[in-house]
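Working notes, beginning with the structure itself.
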Amino acid sequence: MPCGQPDSGAAPARYVLGVDVGSTVVKCHVYDRAAVVRGSSHRKVESLYPRPGWVELDPEVLWSQFIGVIKEAVQAAGLHMRQIAGLGISTQRGTFITWHKRTGKPFHNFISWQDLRSAELVNSWNNSLLLKVIHVIFTVLHFLTGNDRYLAPSFLTFSTHQASMKLSWVFKNIHEAEEAAKKNNCCFGTVDTWLLYRLTKGSVYATDYSNASSTGIFEPFMKCWNPTLCNLLAIPVSIYPPVRDTSFNFGSTDSEIFGVPIPIMAVVADQQSAMFGECCFHPGDVKLTMGTGGFWNVNTGEHLFAARGSLYPLIGWKIGEEVVYLTEGSISDVGTAIKWALDIELFTNVDETAEMAQSTADSQGVCFIPGLQVSGDDPYLCASFMGLKPSTNRNHLVRAILESVAFRNKLLYDIIVKKVHVALRTIRADGGVSNNSFVMQMTSDLINKKIEKPANVEMSSLGAAFLAGLASGFWTDKEQLKKLRRIEAVFEPQKDSEEYRPAMDAWLQAMKHSPHR
């Protein structure tokens with residue numbers, strides 16, 4: 001039966017949809033009450049590169065892909081749209097668009113979180129006297145009051161990953177957006193906001209706390225758009241959407257889109273969604289996502305820790321009165337480096353890489369230098385190999401790439417242990433690279449902790465479905481969700497971390513002496 005076609009005899013709603021709009025793929029999974037995937041679909045995200053360093057997405061293409069994967073997944077499950085109890089949407093963070101409030105017409109394509117057009121602005125601000133003055137003022141305020149809300153601005157630095165500087169760029173370079181903002185006719189939206197707006201044909205304009213806190217423009221302590229930052233960057237506060245709970249009835253899709261209205265019961269940022277999908281509900285629970293990039297997230301409960309170096313605070317989710325905070329650290333060139341190696345035919349299938357790395361005792365002194373440092377954010381850095389020799393072969397190169405992921409996991413874990421004053425509990429991994437047994441085992445050895453890997457590593461989709469299922473009554477509470485978890489493998493330390501010391505020291509030296517650093 002075609003999706004969305006009316007049918008008075010359709011079975012009652014008993015499935016939820018989890019859609020993950022990632023950086024490389026848009027995926028939709030249909031889940032039953034046991035959280036088993038009944039049907040799936042995916043489409044590759046088509047990024048645009050109009051200029052060097054610029055990364056964009058065509059909003060109409062993304063919209064078409066989003067609608068397409070939902071219809072295909074429901075059809076693959078052999079279901080009717082009337083059987084869907086709710087839709088949960090997980091989205092890449094920091095990617096945004098602005099559009100005219102009255103016409104709905106975008107002023108530009110989506111500007112990706114990976115986009116570097118604001119690099120000069122970022123560097124200019126980070127080196128400015130004004131920012132140094134701000135640091136001093138808030139350091140003094142924190143000293144006098146002891147209030148942690150003053151601690152974050154005392155460490156404030158800008159990043160090309162954040163939406164703030166790129167939004168400032170928009171108003172400096174796109175006259176139509178600037179003029180519309182002056183007349184209160186400009187809307188700002190991350191991917192979730194745009195999709196909500198389109199799905200409801202303009203009747204719902206909103207975001208959730210997890211997505212808002214990931215923009216770099218939202219004040220997580222006060223839980224509001226940051227008026228001080230907006231004044232500093234000359235961005236009108238009027239452009240931002242209302243912020244709602246993460247698990248929340250946002251309304252229903254317009255019936256013309258799928259044939260019947262589907263309740264939209266959750267929108268959530270992808271890393272926070274993966275955290276929820278892993279059932280990391282308790283303070284000290286840790287989620288390690290290894291996908292395009294690598295993300296370590298620690299549940300800090302009701303306590304929000306101010307940014308310290310390479311760690312930054314986020315709102316994980318808000319459900320009713322419950323607000324859960326996270327501390328996050330990230331590393332670059334995880335899945336991207338492996339995909340690059342595949343593209344240049346170092347191997348023909350990613351499943352081969354663990355065996356290739358294990359086939360050689362070491363990387364023979366070859367070190368892979370990733371594009372970004374653990375504790376820095378310099379958009380001009382680029383990746384490289386060091387230590388290449390005539391005897392270097394594919395296995396050495398692959399091992400060097402995989403080792404660099406494990407080494408950076410170790411560095412970031414050590415920072416978390418030192419800076420986050422919460423006793424760490426379980427560590428749960430997800431993302432495509434968590435399927436690599438070499439990276440998982442080496443990371444476990446280096447941090448001397450066991451790491452759980454779930455049977456289904458696509459946690460962003462599952463987290464969105466869980467949140468939607470809770471809001472719709474499909475599932476009753478988080479205790480029920482915990483019982484649905486299925487662990488495929490547990491990696492426990494097998495080697496003393498000191499056995500890796502020579503290789504890691506060599507890698508750290510290579511990082512230090514790389515001409516690109």
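Chain labels A, B, ... are given in the sequence in which chains occur in the structure tokens; within each chain residues are numbered consecutively from 1, and ligands are likewise numbered from 1 in the order shown.
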inquiry  = Give me, as a ChimeraX atom specification, all polymer residues having an atom no more than 12 Å from Ser210 in chain A, counting only C-alpha atoms and skipping those fewer than 5 positions away in the same chain.
reply    = /A:90-94,190,192,215-216,218-220,223-224,243-247,266-276,313-319,323-326,464
| message | Taking 4 positions as the minimum chain separation for residues in the same chain, which residues sit within 8 Å of range 429-446 of chain A when counting only C-alpha atoms? Answer as a ChimeraX atom specification. | response | /A:274,287-291,334-335,351,353-355,357-358,402-403,405-407,409-410,450-454,457-459,491-497,500
Residues from the last selection, N, CA, C and O atoms, saved as a compact mmCIF listing (two decimals), in the first residue's frame:
# COMPACT_ATOMS: atom_id res chain seq x y z
N ALA A 274 22.50 11.19 20.53
CA ALA A 274 23.25 9.94 20.70
C ALA A 274 23.43 9.62 22.18
O ALA A 274 23.35 8.46 22.60
N LYS A 287 29.57 9.24 26.90
CA LYS A 287 29.28 8.78 25.54
C LYS A 287 30.43 9.20 24.64
O LYS A 287 30.86 10.35 24.64
N LEU A 288 30.96 8.24 23.88
CA LEU A 288 32.01 8.51 22.91
C LEU A 288 31.47 8.21 21.52
O LEU A 288 31.21 7.06 21.18
N THR A 289 31.26 9.26 20.74
CA THR A 289 30.81 9.10 19.35
C THR A 289 32.01 9.26 18.43
O THR A 289 32.73 10.25 18.52
N MET A 290 32.21 8.29 17.56
CA MET A 290 33.26 8.38 16.56
C MET A 290 32.64 8.26 15.18
O MET A 290 32.39 7.16 14.69
N GLY A 291 32.32 9.41 14.61
CA GLY A 291 31.73 9.46 13.28
C GLY A 291 32.61 10.32 12.40
O GLY A 291 33.82 10.09 12.29
N VAL A 334 38.29 12.00 12.24
CA VAL A 334 38.08 10.61 12.65
C VAL A 334 37.53 9.87 11.43
O VAL A 334 38.29 9.30 10.65
N GLY A 335 36.22 9.91 11.22
CA GLY A 335 35.66 9.29 10.02
C GLY A 335 36.15 9.93 8.74
O GLY A 335 36.30 9.27 7.71
N ASP A 351 35.87 -2.18 6.53
CA ASP A 351 35.93 -3.33 7.43
C ASP A 351 37.31 -3.97 7.44
O ASP A 351 37.64 -4.73 8.37
N THR A 353 40.15 -2.34 7.70
CA THR A 353 41.16 -1.49 8.33
C THR A 353 41.68 -2.03 9.65
O THR A 353 42.89 -1.93 9.94
N ALA A 354 40.81 -2.60 10.48
CA ALA A 354 41.26 -3.15 11.77
C ALA A 354 42.25 -4.28 11.54
O ALA A 354 43.31 -4.34 12.20
N GLU A 355 41.94 -5.15 10.59
CA GLU A 355 42.84 -6.27 10.30
C GLU A 355 44.16 -5.78 9.70
O GLU A 355 45.23 -6.30 10.03
N ALA A 357 45.61 -2.89 10.33
CA ALA A 357 46.39 -2.30 11.42
C ALA A 357 46.99 -3.37 12.31
O ALA A 357 48.13 -3.24 12.78
N GLN A 358 46.24 -4.45 12.55
CA GLN A 358 46.73 -5.51 13.42
C GLN A 358 47.78 -6.39 12.74
O GLN A 358 48.51 -7.11 13.42
N LEU A 402 44.56 5.15 12.36
CA LEU A 402 43.74 4.62 13.45
C LEU A 402 44.37 4.91 14.81
O LEU A 402 43.67 5.22 15.78
N GLU A 403 45.70 4.83 14.89
CA GLU A 403 46.39 5.15 16.14
C GLU A 403 46.14 6.60 16.55
O GLU A 403 45.96 6.91 17.73
N VAL A 405 43.54 8.34 16.12
CA VAL A 405 42.22 8.45 16.75
C VAL A 405 42.30 8.02 18.21
O VAL A 405 41.82 8.71 19.12
N ALA A 406 42.94 6.87 18.46
CA ALA A 406 43.06 6.36 19.83
C ALA A 406 43.90 7.29 20.70
O ALA A 406 43.56 7.54 21.87
N PHE A 407 44.99 7.83 20.15
CA PHE A 407 45.84 8.74 20.93
C PHE A 407 45.08 10.00 21.33
O PHE A 407 45.20 10.49 22.45
N ASN A 409 41.82 10.24 21.58
CA ASN A 409 40.84 9.83 22.59
C ASN A 409 41.48 9.85 23.98
O ASN A 409 40.88 10.31 24.95
N LYS A 410 42.70 9.33 24.07
CA LYS A 410 43.42 9.30 25.35
C LYS A 410 43.67 10.72 25.87
O LYS A 410 43.44 11.02 27.05
N LYS A 450 36.79 -0.04 30.57
CA LYS A 450 36.01 -0.82 29.61
C LYS A 450 35.07 0.11 28.85
O LYS A 450 34.61 1.13 29.39
N ILE A 451 34.83 -0.24 27.59
CA ILE A 451 33.96 0.56 26.73
C ILE A 451 32.90 -0.36 26.12
O ILE A 451 33.23 -1.39 25.53
N GLU A 452 31.64 0.02 26.29
CA GLU A 452 30.55 -0.76 25.72
C GLU A 452 30.21 -0.27 24.32
O GLU A 452 30.21 0.94 24.06
N LYS A 453 29.95 -1.21 23.43
CA LYS A 453 29.47 -0.86 22.09
C LYS A 453 28.11 -1.49 21.87
O LYS A 453 27.94 -2.70 22.03
N PRO A 454 27.10 -0.69 21.52
CA PRO A 454 25.75 -1.24 21.35
C PRO A 454 25.62 -2.03 20.05
O PRO A 454 26.45 -1.91 19.14
N VAL A 457 24.78 1.00 16.29
CA VAL A 457 25.66 2.13 16.59
C VAL A 457 25.10 3.46 16.11
O VAL A 457 25.69 4.51 16.33
N GLU A 458 23.93 3.45 15.45
CA GLU A 458 23.32 4.69 14.96
C GLU A 458 22.44 5.28 16.06
O GLU A 458 21.21 5.22 16.02
N MET A 459 23.11 5.86 17.03
CA MET A 459 22.44 6.30 18.25
C MET A 459 21.68 7.61 18.10
O MET A 459 20.76 7.88 18.86
N PHE A 491 34.69 -3.84 25.27
CA PHE A 491 36.15 -3.84 25.12
C PHE A 491 36.76 -3.52 26.49
O PHE A 491 36.50 -2.46 27.05
N GLU A 492 37.53 -4.47 26.99
CA GLU A 492 38.18 -4.28 28.27
C GLU A 492 39.69 -4.17 28.07
O GLU A 492 40.25 -4.73 27.12
N PRO A 493 40.38 -3.42 28.95
CA PRO A 493 41.82 -3.25 28.78
C PRO A 493 42.55 -4.59 28.73
O PRO A 493 42.31 -5.47 29.57
N GLN A 494 43.40 -4.76 27.72
CA GLN A 494 44.16 -6.00 27.57
C GLN A 494 45.66 -5.77 27.67
O GLN A 494 46.43 -6.69 27.93
N LYS A 495 46.09 -4.50 27.45
CA LYS A 495 47.50 -4.15 27.53
C LYS A 495 47.68 -3.01 28.50
O LYS A 495 46.78 -2.16 28.64
N ASP A 496 48.83 -2.96 29.12
CA ASP A 496 49.17 -1.81 29.94
C ASP A 496 49.38 -0.61 29.03
O ASP A 496 50.04 -0.73 27.98
N SER A 497 48.81 0.52 29.40
CA SER A 497 48.94 1.71 28.54
C SER A 497 50.39 2.10 28.30
O SER A 497 50.71 2.74 27.29
N TYR A 500 52.15 1.40 25.01
CA TYR A 500 51.93 2.32 23.88
C TYR A 500 52.77 3.60 24.02
O TYR A 500 52.74 4.45 23.14
Which one of A:Leu167, A:Ile331, A:Ala506, A:Leu411 sits closest to Gln364 in chain A if you count only C-alpha atoms?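 The closest residue to Gln364 in chain A is A:Ala506.
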Item to check | Every residue of range 199-427 of chain A that DSSP places in strand (DSSP E), as an MDAnalysis selection string | outcome: chainID A and resid 207:208 218:219 224:225 243:244 264:269 286:290 294:301 311:319 322:331 367:369 384:386 427
TODO: Determine, counting only C-alpha atoms, which protein, DNA and RNA residues have an atom within 8 Å of an atom of Ala468 in chain A; residues of the same chain fewer than 6 positions away are not included. Present the result as a list in words.
DONE: Val16, Gly86, Leu87, Gly88, Ser247, Phe248, Ile264, Met265 and Ala266 of chain A
